[in-house]
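Engineer: What follows is input-v1.cif, mmCIF, C-alpha atoms.
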```cif
data_protein
loop_
_atom_site.group_PDB
_atom_site.id
_atom_site.type_symbol
_atom_site.label_atom_id
_atom_site.label_comp_id
_atom_site.auth_asym_id
_atom_site.auth_seq_id
_atom_site.Cartn_x
_atom_site.Cartn_y
_atom_site.Cartn_z
ATOM 1 C CA PHE A 76 7.767 -62.958 -61.575
ATOM 2 C CA LYS A 77 7.054 -66.446 -62.950
ATOM 3 C CA THR A 78 10.437 -66.401 -64.686
ATOM 4 C CA GLY A 79 12.115 -65.922 -61.318
ATOM 5 C CA LEU A 80 9.850 -68.298 -59.420
ATOM 6 C CA TYR A 81 10.238 -71.251 -61.787
ATOM 7 C CA ALA A 82 14.012 -70.876 -62.055
ATOM 8 C CA ALA A 83 14.549 -70.662 -58.283
ATOM 9 C CA GLU A 84 17.117 -73.052 -56.834
ATOM 10 C CA TYR A 85 15.877 -72.566 -53.272
ATOM 11 C CA ALA A 86 12.455 -72.558 -51.640
ATOM 12 C CA VAL A 87 11.564 -71.414 -48.127
ATOM 13 C CA VAL A 88 8.101 -72.370 -46.873
ATOM 14 C CA SER A 89 6.897 -70.263 -43.970
ATOM 15 C CA SER A 90 4.190 -68.074 -42.505
ATOM 16 C CA GLY A 91 6.089 -65.037 -43.737
ATOM 17 C CA THR A 92 8.304 -63.926 -40.870
ATOM 18 C CA PHE A 93 11.439 -61.789 -40.987
ATOM 19 C CA ALA A 94 13.390 -64.852 -39.829
ATOM 20 C CA GLN A 95 12.313 -66.806 -42.912
ATOM 21 C CA LEU A 96 13.176 -63.873 -45.177
ATOM 22 C CA GLY A 97 16.591 -63.924 -43.521
ATOM 23 C CA THR A 98 16.956 -67.614 -44.416
ATOM 24 C CA ALA A 99 16.103 -66.853 -48.040
ATOM 25 C CA ILE A 100 18.675 -64.050 -48.121
ATOM 26 C CA ALA A 101 21.295 -66.387 -46.638
ATOM 27 C CA ASN A 102 20.610 -68.893 -49.422
ATOM 28 C CA ILE A 103 21.262 -66.200 -52.014
ATOM 29 C CA GLU A 104 24.508 -65.246 -50.301
ATOM 30 C CA GLY A 105 25.431 -68.930 -50.355
ATOM 31 C CA SER A 106 25.203 -68.895 -54.144
ATOM 32 C CA ARG A 107 28.449 -66.824 -54.112
ATOM 33 C CA ILE A 108 27.253 -64.451 -56.812
ATOM 34 C CA ASP A 109 28.057 -60.845 -55.977
ATOM 35 C CA GLY A 110 25.479 -58.086 -56.278
ATOM 36 C CA MET A 111 22.624 -56.305 -54.561
ATOM 37 C CA LYS A 112 19.816 -58.465 -53.182
ATOM 38 C CA ALA A 113 16.196 -57.556 -53.830
ATOM 39 C CA GLY A 114 12.839 -59.138 -53.095
ATOM 40 C CA MET A 115 9.193 -59.096 -54.185
ATOM 41 C CA LEU A 116 6.248 -60.010 -51.968
ATOM 42 C CA ASN A 117 2.564 -60.018 -52.768
ATOM 43 C CA PRO A 118 0.225 -57.722 -50.768
ATOM 44 C CA GLN A 119 -0.933 -60.527 -48.465
ATOM 45 C CA PHE A 120 2.622 -61.598 -47.725
ATOM 46 C CA LYS A 121 3.569 -57.959 -47.139
ATOM 47 C CA ALA A 122 0.807 -57.631 -44.533
ATOM 48 C CA ILE A 123 2.035 -60.743 -42.702
ATOM 49 C CA VAL A 124 5.630 -59.509 -42.670
ATOM 50 C CA THR A 125 4.568 -56.053 -41.517
ATOM 51 C CA ASN A 126 2.601 -57.486 -38.591
ATOM 52 C CA THR A 127 5.473 -59.837 -37.770
ATOM 53 C CA GLY A 128 7.793 -56.843 -37.605
ATOM 54 C CA ILE A 129 5.542 -55.103 -35.083
ATOM 55 C CA ASN A 130 5.483 -58.204 -32.903
ATOM 56 C CA GLN A 131 9.184 -58.897 -33.288
ATOM 57 C CA PHE A 132 10.532 -55.442 -32.606
ATOM 58 C CA GLY A 133 7.777 -54.094 -30.328
ATOM 59 C CA ASN A 134 7.669 -51.026 -32.535
ATOM 60 C CA SER A 135 4.195 -49.665 -33.193
ATOM 61 C CA SER A 136 5.549 -47.188 -35.738
ATOM 62 C CA LEU A 137 7.003 -49.914 -37.976
ATOM 63 C CA ALA A 138 3.727 -50.331 -39.884
ATOM 64 C CA LYS A 139 3.835 -46.620 -40.695
ATOM 65 C CA ASP A 140 7.393 -46.960 -41.963
ATOM 66 C CA LEU A 141 6.452 -49.827 -44.294
ATOM 67 C CA TYR A 142 4.048 -47.810 -46.429
ATOM 68 C CA ASP A 143 3.082 -47.330 -50.076
ATOM 69 C CA GLY A 144 3.894 -50.927 -50.939
ATOM 70 C CA VAL A 145 7.519 -50.638 -49.858
ATOM 71 C CA ILE A 146 8.714 -53.226 -47.336
ATOM 72 C CA GLY A 147 12.120 -51.609 -47.032
ATOM 73 C CA GLU A 148 15.593 -52.919 -46.291
ATOM 74 C CA PHE A 149 16.190 -56.088 -44.277
ATOM 75 C CA ASN A 150 19.524 -57.894 -43.923
ATOM 76 C CA GLY A 151 20.909 -56.044 -46.918
ATOM 77 C CA ALA A 152 18.022 -56.799 -49.283
ATOM 78 C CA GLU A 153 15.448 -54.307 -50.550
ATOM 79 C CA PHE A 154 11.870 -55.611 -50.552
ATOM 80 C CA ILE A 155 8.863 -54.236 -52.415
ATOM 81 C CA ALA A 156 5.278 -55.441 -52.670
ATOM 82 C CA SER A 157 3.823 -56.352 -56.050
ATOM 83 C CA PRO A 158 0.549 -57.925 -57.238
ATOM 84 C CA ASP A 159 2.651 -59.872 -59.760
ATOM 85 C CA ALA A 160 3.659 -62.175 -56.905
ATOM 86 C CA LYS A 161 0.829 -64.667 -57.332
ATOM 87 C CA VAL A 162 -1.036 -66.809 -54.832
ATOM 88 C CA ILE A 163 -0.542 -70.550 -55.438
ATOM 89 C CA THR A 164 -3.209 -73.136 -54.590
ATOM 90 C CA THR A 165 -1.966 -76.724 -54.497
ATOM 91 C CA SER A 166 -3.812 -79.875 -55.467
ATOM 92 C CA TRP A 167 -1.925 -83.171 -54.995
ATOM 93 C CA VAL A 168 1.592 -82.878 -53.545
ATOM 94 C CA PRO A 169 4.230 -85.592 -52.969
ATOM 95 C CA THR A 170 3.426 -87.765 -49.963
ATOM 96 C CA SER A 171 5.637 -89.758 -47.606
ATOM 97 C CA GLY A 172 5.562 -92.651 -50.090
ATOM 98 C CA SER A 173 6.592 -90.683 -53.166
ATOM 99 C CA THR A 174 9.753 -91.628 -55.068
ATOM 100 C CA VAL A 175 11.460 -90.861 -58.384
ATOM 101 C CA SER A 176 10.482 -93.567 -60.873
ATOM 102 C CA THR A 177 13.049 -92.868 -63.623
ATOM 103 C CA THR A 178 16.696 -91.767 -63.355
ATOM 104 C CA VAL A 179 17.406 -88.275 -64.733
ATOM 105 C CA SER A 180 21.050 -87.633 -65.652
ATOM 106 C CA ALA A 181 21.158 -85.907 -69.051
ATOM 107 C CA ASN A 182 21.935 -82.191 -69.200
ATOM 108 C CA ASP A 183 19.044 -79.970 -70.317
ATOM 109 C CA ALA A 184 16.481 -82.478 -69.021
ATOM 110 C CA TYR A 185 13.310 -80.875 -67.715
ATOM 111 C CA GLN A 186 10.977 -83.729 -66.754
ATOM 112 C CA ILE A 187 10.857 -85.686 -63.503
ATOM 113 C CA THR A 188 8.507 -88.634 -63.038
ATOM 114 C CA ILE A 189 7.155 -89.158 -59.531
ATOM 115 C CA ALA A 190 5.746 -92.505 -58.407
ATOM 116 C CA ASP A 191 3.140 -92.828 -55.678
ATOM 117 C CA ALA A 192 0.772 -95.746 -55.220
ATOM 118 C CA GLY A 193 -2.065 -93.363 -54.354
ATOM 119 C CA LEU A 194 -1.917 -91.398 -57.635
ATOM 120 C CA THR A 195 -4.840 -91.676 -60.035
ATOM 121 C CA SER A 196 -5.941 -89.870 -63.197
ATOM 122 C CA ALA A 197 -8.011 -87.599 -60.947
ATOM 123 C CA ASN A 198 -4.860 -86.072 -59.432
ATOM 124 C CA THR A 199 -3.300 -82.844 -60.724
ATOM 125 C CA VAL A 200 0.008 -81.288 -59.692
ATOM 126 C CA LYS A 201 -0.344 -77.518 -59.979
ATOM 127 C CA ALA A 202 2.213 -75.127 -61.413
ATOM 128 C CA GLY A 203 4.179 -73.525 -58.586
ATOM 129 C CA THR A 204 4.290 -76.706 -56.487
ATOM 130 C CA GLN A 205 7.810 -77.199 -55.094
ATOM 131 C CA PHE A 206 9.488 -80.405 -53.988
ATOM 132 C CA GLN A 207 12.899 -81.831 -53.118
ATOM 133 C CA VAL A 208 14.647 -85.060 -54.120
ATOM 134 C CA ALA A 209 16.777 -86.924 -51.576
ATOM 135 C CA GLY A 210 20.514 -86.529 -52.149
ATOM 136 C CA VAL A 211 20.231 -83.749 -54.753
ATOM 137 C CA TYR A 212 21.553 -80.413 -53.474
ATOM 138 C CA ALA A 213 21.729 -76.908 -54.898
ATOM 139 C CA VAL A 214 25.167 -75.755 -56.021
ATOM 140 C CA ASP A 215 27.000 -72.450 -55.829
ATOM 141 C CA ALA A 216 28.605 -70.461 -58.640
ATOM 142 C CA PHE A 217 31.516 -72.933 -58.682
ATOM 143 C CA GLY A 218 29.275 -75.992 -58.992
ATOM 144 C CA ASP A 219 29.962 -77.118 -55.421
ATOM 145 C CA SER A 220 27.150 -78.405 -53.231
ATOM 146 C CA THR A 221 25.687 -75.837 -50.836
ATOM 147 C CA GLY A 222 24.369 -78.531 -48.506
ATOM 148 C CA VAL A 223 20.825 -77.224 -49.100
ATOM 149 C CA LEU A 224 18.437 -79.596 -50.880
ATOM 150 C CA ARG A 225 17.684 -78.254 -54.341
ATOM 151 C CA SER A 226 14.081 -77.179 -54.821
ATOM 152 C CA PHE A 227 12.294 -78.192 -57.997
ATOM 153 C CA ILE A 228 9.321 -76.063 -58.981
ATOM 154 C CA VAL A 229 6.594 -77.346 -61.305
ATOM 155 C CA ILE A 230 6.239 -75.074 -64.348
ATOM 156 C CA GLU A 231 2.979 -76.412 -65.829
ATOM 157 C CA ASP A 232 -0.062 -78.201 -64.409
ATOM 158 C CA ALA A 233 0.461 -81.971 -64.736
ATOM 159 C CA THR A 234 -2.222 -84.676 -64.738
ATOM 160 C CA ALA A 235 -1.305 -88.033 -63.200
ATOM 161 C CA THR A 236 -1.905 -91.525 -64.520
ATOM 162 C CA SER A 237 -2.306 -94.557 -62.290
ATOM 163 C CA GLY A 238 0.652 -94.509 -59.902
ATOM 164 C CA THR A 239 2.805 -91.853 -61.623
ATOM 165 C CA VAL A 240 2.910 -88.212 -62.663
ATOM 166 C CA GLN A 241 5.445 -86.534 -64.956
ATOM 167 C CA VAL A 242 6.153 -82.916 -64.042
ATOM 168 C CA LYS A 243 7.988 -80.226 -66.004
ATOM 169 C CA VAL A 244 10.636 -78.149 -64.222
ATOM 170 C CA ALA A 245 13.262 -75.615 -65.283
ATOM 171 C CA PRO A 246 16.127 -77.220 -67.294
ATOM 172 C CA LEU A 247 18.494 -79.349 -65.212
ATOM 173 C CA TYR A 248 22.268 -79.557 -65.594
ATOM 174 C CA PHE A 249 24.429 -82.133 -63.821
ATOM 175 C CA SER A 250 27.802 -81.026 -65.204
ATOM 176 C CA GLY A 251 29.474 -78.154 -67.012
ATOM 177 C CA ALA A 252 29.191 -74.393 -66.624
ATOM 178 C CA LYS A 253 25.411 -74.499 -66.158
ATOM 179 C CA LYS A 254 25.504 -77.164 -63.428
ATOM 180 C CA ASN A 255 22.580 -76.669 -61.034
ATOM 181 C CA CYS A 256 22.262 -80.102 -59.409
ATOM 182 C CA SER A 257 24.885 -81.670 -57.155
ATOM 183 C CA ALA A 258 24.145 -85.198 -58.404
ATOM 184 C CA ASN A 259 22.003 -87.182 -60.814
ATOM 185 C CA ILE A 260 18.374 -87.799 -59.867
ATOM 186 C CA THR A 261 18.279 -91.522 -59.185
ATOM 187 C CA ALA A 262 15.269 -93.792 -59.563
ATOM 188 C CA GLY A 263 13.862 -94.969 -56.247
ATOM 189 C CA VAL A 264 14.970 -92.045 -54.057
ATOM 190 C CA ALA A 265 12.429 -90.180 -51.939
ATOM 191 C CA VAL A 266 10.547 -87.094 -53.092
ATOM 192 C CA THR A 267 9.456 -84.714 -50.320
ATOM 193 C CA THR A 268 7.788 -81.331 -49.932
ATOM 194 C CA SER A 269 6.932 -78.868 -47.184
ATOM 195 C CA LEU A 270 3.646 -78.009 -48.903
ATOM 196 C CA LEU A 271 0.259 -79.428 -47.981
ATOM 197 C CA ALA A 272 -2.280 -80.690 -50.496
ATOM 198 C CA ASP A 273 -5.277 -78.491 -51.361
ATOM 199 C CA SER A 274 -3.785 -75.469 -49.615
ATOM 200 C CA THR A 275 -3.118 -71.836 -50.492
ATOM 201 C CA TYR A 276 0.329 -70.222 -50.303
ATOM 202 C CA TYR A 277 1.465 -66.642 -50.724
ATOM 203 C CA THR A 278 4.516 -66.333 -52.925
ATOM 204 C CA GLY A 279 7.550 -64.112 -53.053
ATOM 205 C CA ILE A 280 11.084 -64.174 -54.394
ATOM 206 C CA VAL A 281 14.430 -62.901 -53.172
ATOM 207 C CA PHE A 282 17.071 -62.595 -55.872
ATOM 208 C CA ASN A 283 20.512 -61.306 -56.692
ATOM 209 C CA GLU A 284 20.504 -58.476 -59.235
ATOM 210 C CA ASN A 285 22.761 -60.576 -61.499
ATOM 211 C CA ALA A 286 20.318 -63.500 -61.472
ATOM 212 C CA ILE A 287 17.818 -61.966 -63.890
ATOM 213 C CA THR A 288 18.566 -60.199 -67.161
ATOM 214 C CA PHE A 289 16.269 -57.553 -68.635
ATOM 215 C CA ALA A 290 16.142 -56.332 -72.243
ATOM 216 C CA SER A 291 14.333 -53.396 -73.836
ATOM 217 C CA ALA A 292 14.226 -53.145 -77.635
ATOM 218 C CA ALA A 293 13.652 -49.929 -79.596
ATOM 219 C CA ILE A 294 10.472 -49.771 -81.697
ATOM 220 C CA LYS A 295 10.434 -47.963 -85.034
ATOM 221 C CA PRO A 296 8.417 -44.697 -84.874
ATOM 222 C CA PHE A 297 4.977 -44.636 -86.504
ATOM 223 C CA ALA A 298 4.714 -43.067 -89.951
ATOM 224 C CA GLY A 299 2.173 -40.311 -90.635
ATOM 225 C CA CYS A 300 2.059 -38.822 -87.139
ATOM 226 C CA ASP A 301 4.269 -37.189 -84.518
ATOM 227 C CA SER A 302 6.178 -40.237 -83.290
ATOM 228 C CA THR A 303 9.585 -40.771 -81.737
ATOM 229 C CA THR A 304 11.503 -43.402 -79.783
ATOM 230 C CA THR A 305 13.552 -42.377 -76.767
ATOM 231 C CA LYS A 306 15.173 -43.939 -73.705
ATOM 232 C CA ILE A 307 13.903 -43.479 -70.147
ATOM 233 C CA GLU A 308 16.594 -43.523 -67.443
ATOM 234 C CA GLY A 309 19.013 -44.523 -70.180
ATOM 235 C CA GLU A 310 17.697 -48.099 -70.220
ATOM 236 C CA ILE A 311 14.063 -48.506 -71.306
ATOM 237 C CA ASN A 312 13.144 -47.758 -74.927
ATOM 238 C CA VAL A 313 9.782 -46.003 -75.228
ATOM 239 C CA ARG A 314 7.946 -45.024 -78.402
ATOM 240 C CA MET A 315 5.659 -42.019 -77.951
ATOM 241 C CA SER A 316 3.201 -41.182 -80.712
ATOM 242 C CA ALA A 317 0.651 -38.342 -80.869
ATOM 243 C CA GLN A 318 -2.107 -37.554 -83.343
ATOM 244 C CA ALA A 319 -4.625 -34.698 -83.232
ATOM 245 C CA ASP A 320 -8.257 -34.618 -84.369
ATOM 246 C CA VAL A 321 -8.759 -31.074 -85.679
ATOM 247 C CA SER A 322 -12.555 -31.440 -85.741
ATOM 248 C CA THR A 323 -12.798 -32.001 -81.976
ATOM 249 C CA GLY A 324 -9.502 -30.608 -80.726
ATOM 250 C CA ALA A 325 -8.716 -33.944 -79.070
ATOM 251 C CA GLU A 326 -5.223 -35.401 -79.135
ATOM 252 C CA THR A 327 -4.473 -39.099 -78.787
ATOM 253 C CA VAL A 328 -1.118 -39.995 -77.253
ATOM 254 C CA ARG A 329 0.198 -43.553 -77.219
ATOM 255 C CA TRP A 330 3.239 -45.112 -75.517
ATOM 256 C CA ASP A 331 4.715 -48.496 -76.490
ATOM 257 C CA ILE A 332 7.528 -50.551 -74.968
ATOM 258 C CA LEU A 333 8.965 -53.944 -75.933
ATOM 259 C CA THR A 334 10.709 -55.713 -73.073
ATOM 260 C CA GLY A 335 11.676 -59.167 -71.884
ATOM 261 C CA ALA A 336 13.260 -60.846 -68.877
ATOM 262 C CA ARG A 337 15.005 -64.139 -68.199
ATOM 263 C CA ALA A 338 16.377 -65.864 -65.118
ATOM 264 C CA VAL A 339 19.946 -66.721 -66.037
ATOM 265 C CA HIS A 340 21.235 -67.771 -62.587
ATOM 266 C CA GLY A 341 18.542 -69.759 -60.788
ATOM 267 C CA LYS A 342 20.982 -70.548 -57.988
ATOM 268 C CA ALA A 343 20.766 -66.865 -56.984
ATOM 269 C CA ILE A 344 16.965 -66.869 -56.598
ATOM 270 C CA ALA A 345 15.008 -68.046 -53.544
ATOM 271 C CA ALA A 346 11.240 -68.495 -53.770
#
```
Take the structure in this file and express it as structure tokens.

Structural biologist:
Amino acid sequence: FKTGLYAAEYAVVSSGTFAQLGTAIANIEGSRIDGMKAGMLNPQFKAIVTNTGINQFGNSSLAKDLYDGVIGEFNGAEFIASPDAKVITTSWVPTSGSTVSTTVSANDAYQITIADAGLTSANTVKAGTQFQVAGVYAVDAFGDSTGVLRSFIVIEDATATSGTVQVKVAPLYFSGAKKNCSANITAGVAVTTSLLADSTYYTGIVFNENAITFASAAIKPFAGCDSTTTKIEGEINVRMSAQADVSTGAETVRWDILTGARAVHGKAIAA
């Protein structure tokens, strides 16, 4: 989930209504990457959306339909609930006086320095905090501006010094095949956010199936016991090993998997 969240090109801040989910889906469609759309919401966010649905559609049976953690289909995207979708609590966030203090123009850059006269060494910017930079827009699969301000999401907690804080974000590209910013980040331009300081936010992501890649590697069977590696659903490698204790009649069975995931198209993920 963090892989998707931190690589997201878009951010939608809301109370969790179907209308806001629709906006997130529209952003993904604007990325011009074909494929099924899916979403993950945490349990709290799911409850808000479920209640919103009842109020929006006047359908008392809707809550019953959205059961067992499944939100269901909305605007062509399948939503599920997952505890992996974390709750984010902010500390300091960019204020109306915040600006970029240093120009960022090199491909593969990942640090942005924010200037604000009110910053002190007591201020921390928490991972998950999102912000926008004036004049820098998200781009589609062709590298063209979508007209939507690009969202930058802080990857690691950052401690400020007097007047500035340097935050780490997902790698930035201003040209070439990986381009994900419409323009360079210029010193002196405004930094804004929809988040409030010292507040709690429920998180979720909507993504295109081609935005995230998943890998499952086979693990060599154990020696000295009944052990084998097989594939589940033709995709996930699982090693199953069993060993009996003849003195008690007990049998220990163990399953192992080795997997990884990466967000390869952040422009097709909305957080």

Engineer: Which protein, DNA or RNA residues have an atom at most 7 Å from (22.6, -75.9, -59.5), counting all atoms listed in the file? List them as a compact mmCIF listing (two decimals) with C-alpha atoms, keeping the file's coordinate frame.

Structural biologist:
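Resulting contents of selection-v2.txt:
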```txt
# COMPACT_ATOMS: atom_id res chain seq x y z
CA GLU A 84 17.12 -73.05 -56.83
CA ALA A 213 21.73 -76.91 -54.90
CA VAL A 214 25.17 -75.76 -56.02
CA ASP A 215 27.00 -72.45 -55.83
CA GLY A 218 29.28 -75.99 -58.99
CA LYS A 254 25.50 -77.16 -63.43
CA ASN A 255 22.58 -76.67 -61.03
CA CYS A 256 22.26 -80.10 -59.41
CA SER A 257 24.88 -81.67 -57.16
CA LYS A 342 20.98 -70.55 -57.99
```

Engineer: Just say which residues the PyMOL selection byres ((chain A and resi 77) around 10) picks in this file, as a PyMOL selection string.

Structural biologist: chain A and resi 76+78-83+159-161+203+230+280+337-338

Engineer: Decode the PyMOL selection byres ((chain A and resi 235) around 9) for the given file into explicit residues and return them as number ranges by chain.

Structural biologist: A: 194-200, 233-234, 236-241

Engineer: To test your reading of the syntax: which residues would the PyMOL selection byres ((chain A and resi 250) around 12) return for the file shown? Reply as JSON, numbers by chain.

Structural biologist: {"A": [180, 181, 182, 183, 214, 217, 218, 219, 247, 248, 249, 251, 252, 253, 254, 255, 256, 257, 258, 259]}

Engineer: Between CA of Thr305 in chain A and CA of Leu333 in chain A, what is the distance, to one decimal in Å?

Structural biologist: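 Distance reported for this atom pair: 12.5 Å.
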
Engineer: Would you kindly return, as a PDB file with C-alpha atoms, in the frame of the given file, each protein, DNA or RNA residue with an atom no farther than 6 Å from any atom of range 270-275 of chain A, considering all atoms listed in the file and excluding same-chain residues fewer than 3 positions away?

Structural biologist:
```
ATOM      1  CA  ILE A 163      -0.542 -70.550 -55.438  1.00  0.00           C
ATOM      2  CA  THR A 164      -3.209 -73.136 -54.590  1.00  0.00           C
ATOM      3  CA  THR A 165      -1.966 -76.724 -54.497  1.00  0.00           C
ATOM      4  CA  SER A 166      -3.812 -79.875 -55.467  1.00  0.00           C
ATOM      5  CA  TRP A 167      -1.925 -83.171 -54.995  1.00  0.00           C
ATOM      6  CA  VAL A 168       1.592 -82.878 -53.545  1.00  0.00           C
TER       7      VAL A 168
END
```

Engineer: Using all atoms listed in the file, which residue out of A:Tyr212, A:Tyr185, A:Phe154, A:Phe93 lies closest to Gly279 in chain A?

Structural biologist: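 Residue with the minimum atom-to-atom distance to Gly279 in chain A: A:Phe154.
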
Engineer: Pick out the residues sitting within 7 Å of Ala290 in chain A, and hand them over as an mmCIF file with C-alpha atoms, keeping the file's coordinate frame; count all atoms listed in the file, and ignore anything fewer than 2 positions along from it in its own chain.

Structural biologist:
```
data_model
loop_
_atom_site.group_PDB
_atom_site.id
_atom_site.type_symbol
_atom_site.label_atom_id
_atom_site.label_comp_id
_atom_site.auth_asym_id
_atom_site.auth_seq_id
_atom_site.Cartn_x
_atom_site.Cartn_y
_atom_site.Cartn_z
ATOM 1 C CA THR A 288 18.566 -60.199 -67.161
ATOM 2 C CA ALA A 292 14.226 -53.145 -77.635
ATOM 3 C CA THR A 334 10.709 -55.713 -73.073
ATOM 4 C CA GLY A 335 11.676 -59.167 -71.884
ATOM 5 C CA ALA A 336 13.260 -60.846 -68.877
#
```

Engineer: Restricting the calculation to only C-alpha atoms: of A:Lys295, A:Arg225, A:Arg314, A:Lys243, which residue gets closest to Ala346 in chain A?

Structural biologist: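 Among the listed residues, the smallest separation from Ala346 in chain A belongs to A:Arg225.
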
Engineer: Tell me, in Å to one decimal, how far CA of Ala156 in chain A is from CA of Val339 in chain A.

Structural biologist: 22.8 Å

Engineer: Quick one: residues within 9 Å of Val328 in chain A, only C-alpha atoms, excluding same-chain residues fewer than 5 positions away - as a PyMOL selection string?

Structural biologist: chain A and resi 315-319

Engineer: Could you tell me, as a PDB file with C-alpha atoms, keeping the file's coordinate frame, which residues have any atom at most 8 Å from (16.2, -92.9, -64.3), counting all atoms listed in the file?

Structural biologist:
```pdb
ATOM      1  CA  VAL A 175      11.460 -90.861 -58.384  1.00  0.00           C
ATOM      2  CA  SER A 176      10.482 -93.567 -60.873  1.00  0.00           C
ATOM      3  CA  THR A 177      13.049 -92.868 -63.623  1.00  0.00           C
ATOM      4  CA  THR A 178      16.696 -91.767 -63.355  1.00  0.00           C
ATOM      5  CA  VAL A 179      17.406 -88.275 -64.733  1.00  0.00           C
ATOM      6  CA  SER A 180      21.050 -87.633 -65.652  1.00  0.00           C
ATOM      7  CA  ILE A 260      18.374 -87.799 -59.867  1.00  0.00           C
ATOM      8  CA  THR A 261      18.279 -91.522 -59.185  1.00  0.00           C
ATOM      9  CA  ALA A 262      15.269 -93.792 -59.563  1.00  0.00           C
TER      10      ALA A 262
END
```

Engineer: Neighbouring residues of Glu284 in chain A were defined as those with any atom within 7 Å, considering all atoms listed in the file; residues of the same chain fewer than 6 positions away were excluded. Please report them as an mmCIF file with C-alpha atoms, in the frame of the given file.

Structural biologist:
```
data_model
loop_
_atom_site.group_PDB
_atom_site.id
_atom_site.type_symbol
_atom_site.label_atom_id
_atom_site.label_comp_id
_atom_site.auth_asym_id
_atom_site.auth_seq_id
_atom_site.Cartn_x
_atom_site.Cartn_y
_atom_site.Cartn_z
ATOM 1 C CA GLY A 110 25.479 -58.086 -56.278
ATOM 2 C CA MET A 111 22.624 -56.305 -54.561
ATOM 3 C CA LYS A 112 19.816 -58.465 -53.182
ATOM 4 C CA ALA A 113 16.196 -57.556 -53.830
#
```

Engineer: Here is a test: counting all atoms listed in the file, which residue of A:Gln186, A:Cys300, A:Ala286, A:Tyr277 is nearest to Val244 in chain A?

Structural biologist: A:Gln186

Engineer: Which residues are close to Leu96 in chain A, i.e. within 9 Å by all atoms listed in the file, leaving aside same-chain residues fewer than 3 positions away? Reply as a PyMOL selection string.

Structural biologist: chain A and resi 87+91-93+99-101+149-150+281

Engineer: Can you tell me how far CA of Gly210 in chain A sits from CA of Val242 in chain A, in Å to one decimal?

Structural biologist: 19.0 Å

Engineer: Just checking: using all atoms listed in the file, which residue out of A:Arg329, A:Ile307, A:Ala298, A:Thr278 ends up closest to Val88 in chain A?

Structural biologist: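 The answer is A:Thr278, which sits nearest to Val88 in chain A.
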
Engineer: Fix up range 223-227 of chain A with all heavy atoms, then write it as an mmCIF file, in the coordinates of the input.

Structural biologist:
```
data_model
loop_
_atom_site.group_PDB
_atom_site.id
_atom_site.type_symbol
_atom_site.label_atom_id
_atom_site.label_comp_id
_atom_site.auth_asym_id
_atom_site.auth_seq_id
_atom_site.Cartn_x
_atom_site.Cartn_y
_atom_site.Cartn_z
ATOM 1 N N VAL A 223 22.264 -77.492 -49.173
ATOM 2 C CA VAL A 223 20.825 -77.224 -49.100
ATOM 3 C C VAL A 223 20.138 -78.022 -50.204
ATOM 4 O O VAL A 223 20.542 -77.935 -51.376
ATOM 5 C CB VAL A 223 20.528 -75.718 -49.298
ATOM 6 C CG1 VAL A 223 19.022 -75.473 -49.271
ATOM 7 C CG2 VAL A 223 21.232 -74.901 -48.226
ATOM 8 N N LEU A 224 19.142 -78.824 -49.857
ATOM 9 C CA LEU A 224 18.437 -79.596 -50.880
ATOM 10 C C LEU A 224 17.917 -78.670 -51.973
ATOM 11 O O LEU A 224 17.338 -77.623 -51.688
ATOM 12 C CB LEU A 224 17.277 -80.379 -50.267
ATOM 13 C CG LEU A 224 17.628 -81.644 -49.498
ATOM 14 C CD1 LEU A 224 16.377 -82.226 -48.850
ATOM 15 C CD2 LEU A 224 18.272 -82.689 -50.412
ATOM 16 N N ARG A 225 18.138 -79.067 -53.218
ATOM 17 C CA ARG A 225 17.684 -78.254 -54.341
ATOM 18 C C ARG A 225 16.164 -78.334 -54.438
ATOM 19 O O ARG A 225 15.587 -79.409 -54.317
ATOM 20 C CB ARG A 225 18.304 -78.747 -55.645
ATOM 21 C CG ARG A 225 18.043 -77.813 -56.816
ATOM 22 C CD ARG A 225 18.340 -78.492 -58.134
ATOM 23 N NE ARG A 225 18.391 -77.554 -59.228
ATOM 24 C CZ ARG A 225 17.330 -76.990 -59.785
ATOM 25 N NH1 ARG A 225 16.125 -77.258 -59.330
ATOM 26 N NH2 ARG A 225 17.460 -76.138 -60.796
ATOM 27 N N SER A 226 15.533 -77.203 -54.655
ATOM 28 C CA SER A 226 14.081 -77.179 -54.821
ATOM 29 C C SER A 226 13.736 -77.232 -56.297
ATOM 30 O O SER A 226 14.305 -76.493 -57.106
ATOM 31 C CB SER A 226 13.488 -75.916 -54.192
ATOM 32 O OG SER A 226 13.576 -75.987 -52.796
ATOM 33 N N PHE A 227 12.820 -78.106 -56.638
ATOM 34 C CA PHE A 227 12.294 -78.192 -57.997
ATOM 35 C C PHE A 227 10.898 -77.585 -57.987
ATOM 36 O O PHE A 227 10.096 -77.876 -57.086
ATOM 37 C CB PHE A 227 12.242 -79.647 -58.461
ATOM 38 C CG PHE A 227 13.586 -80.321 -58.442
ATOM 39 C CD1 PHE A 227 13.998 -81.035 -57.331
ATOM 40 C CD2 PHE A 227 14.446 -80.226 -59.522
ATOM 41 C CE1 PHE A 227 15.244 -81.653 -57.289
ATOM 42 C CE2 PHE A 227 15.694 -80.835 -59.501
ATOM 43 C CZ PHE A 227 16.085 -81.547 -58.382
#
```
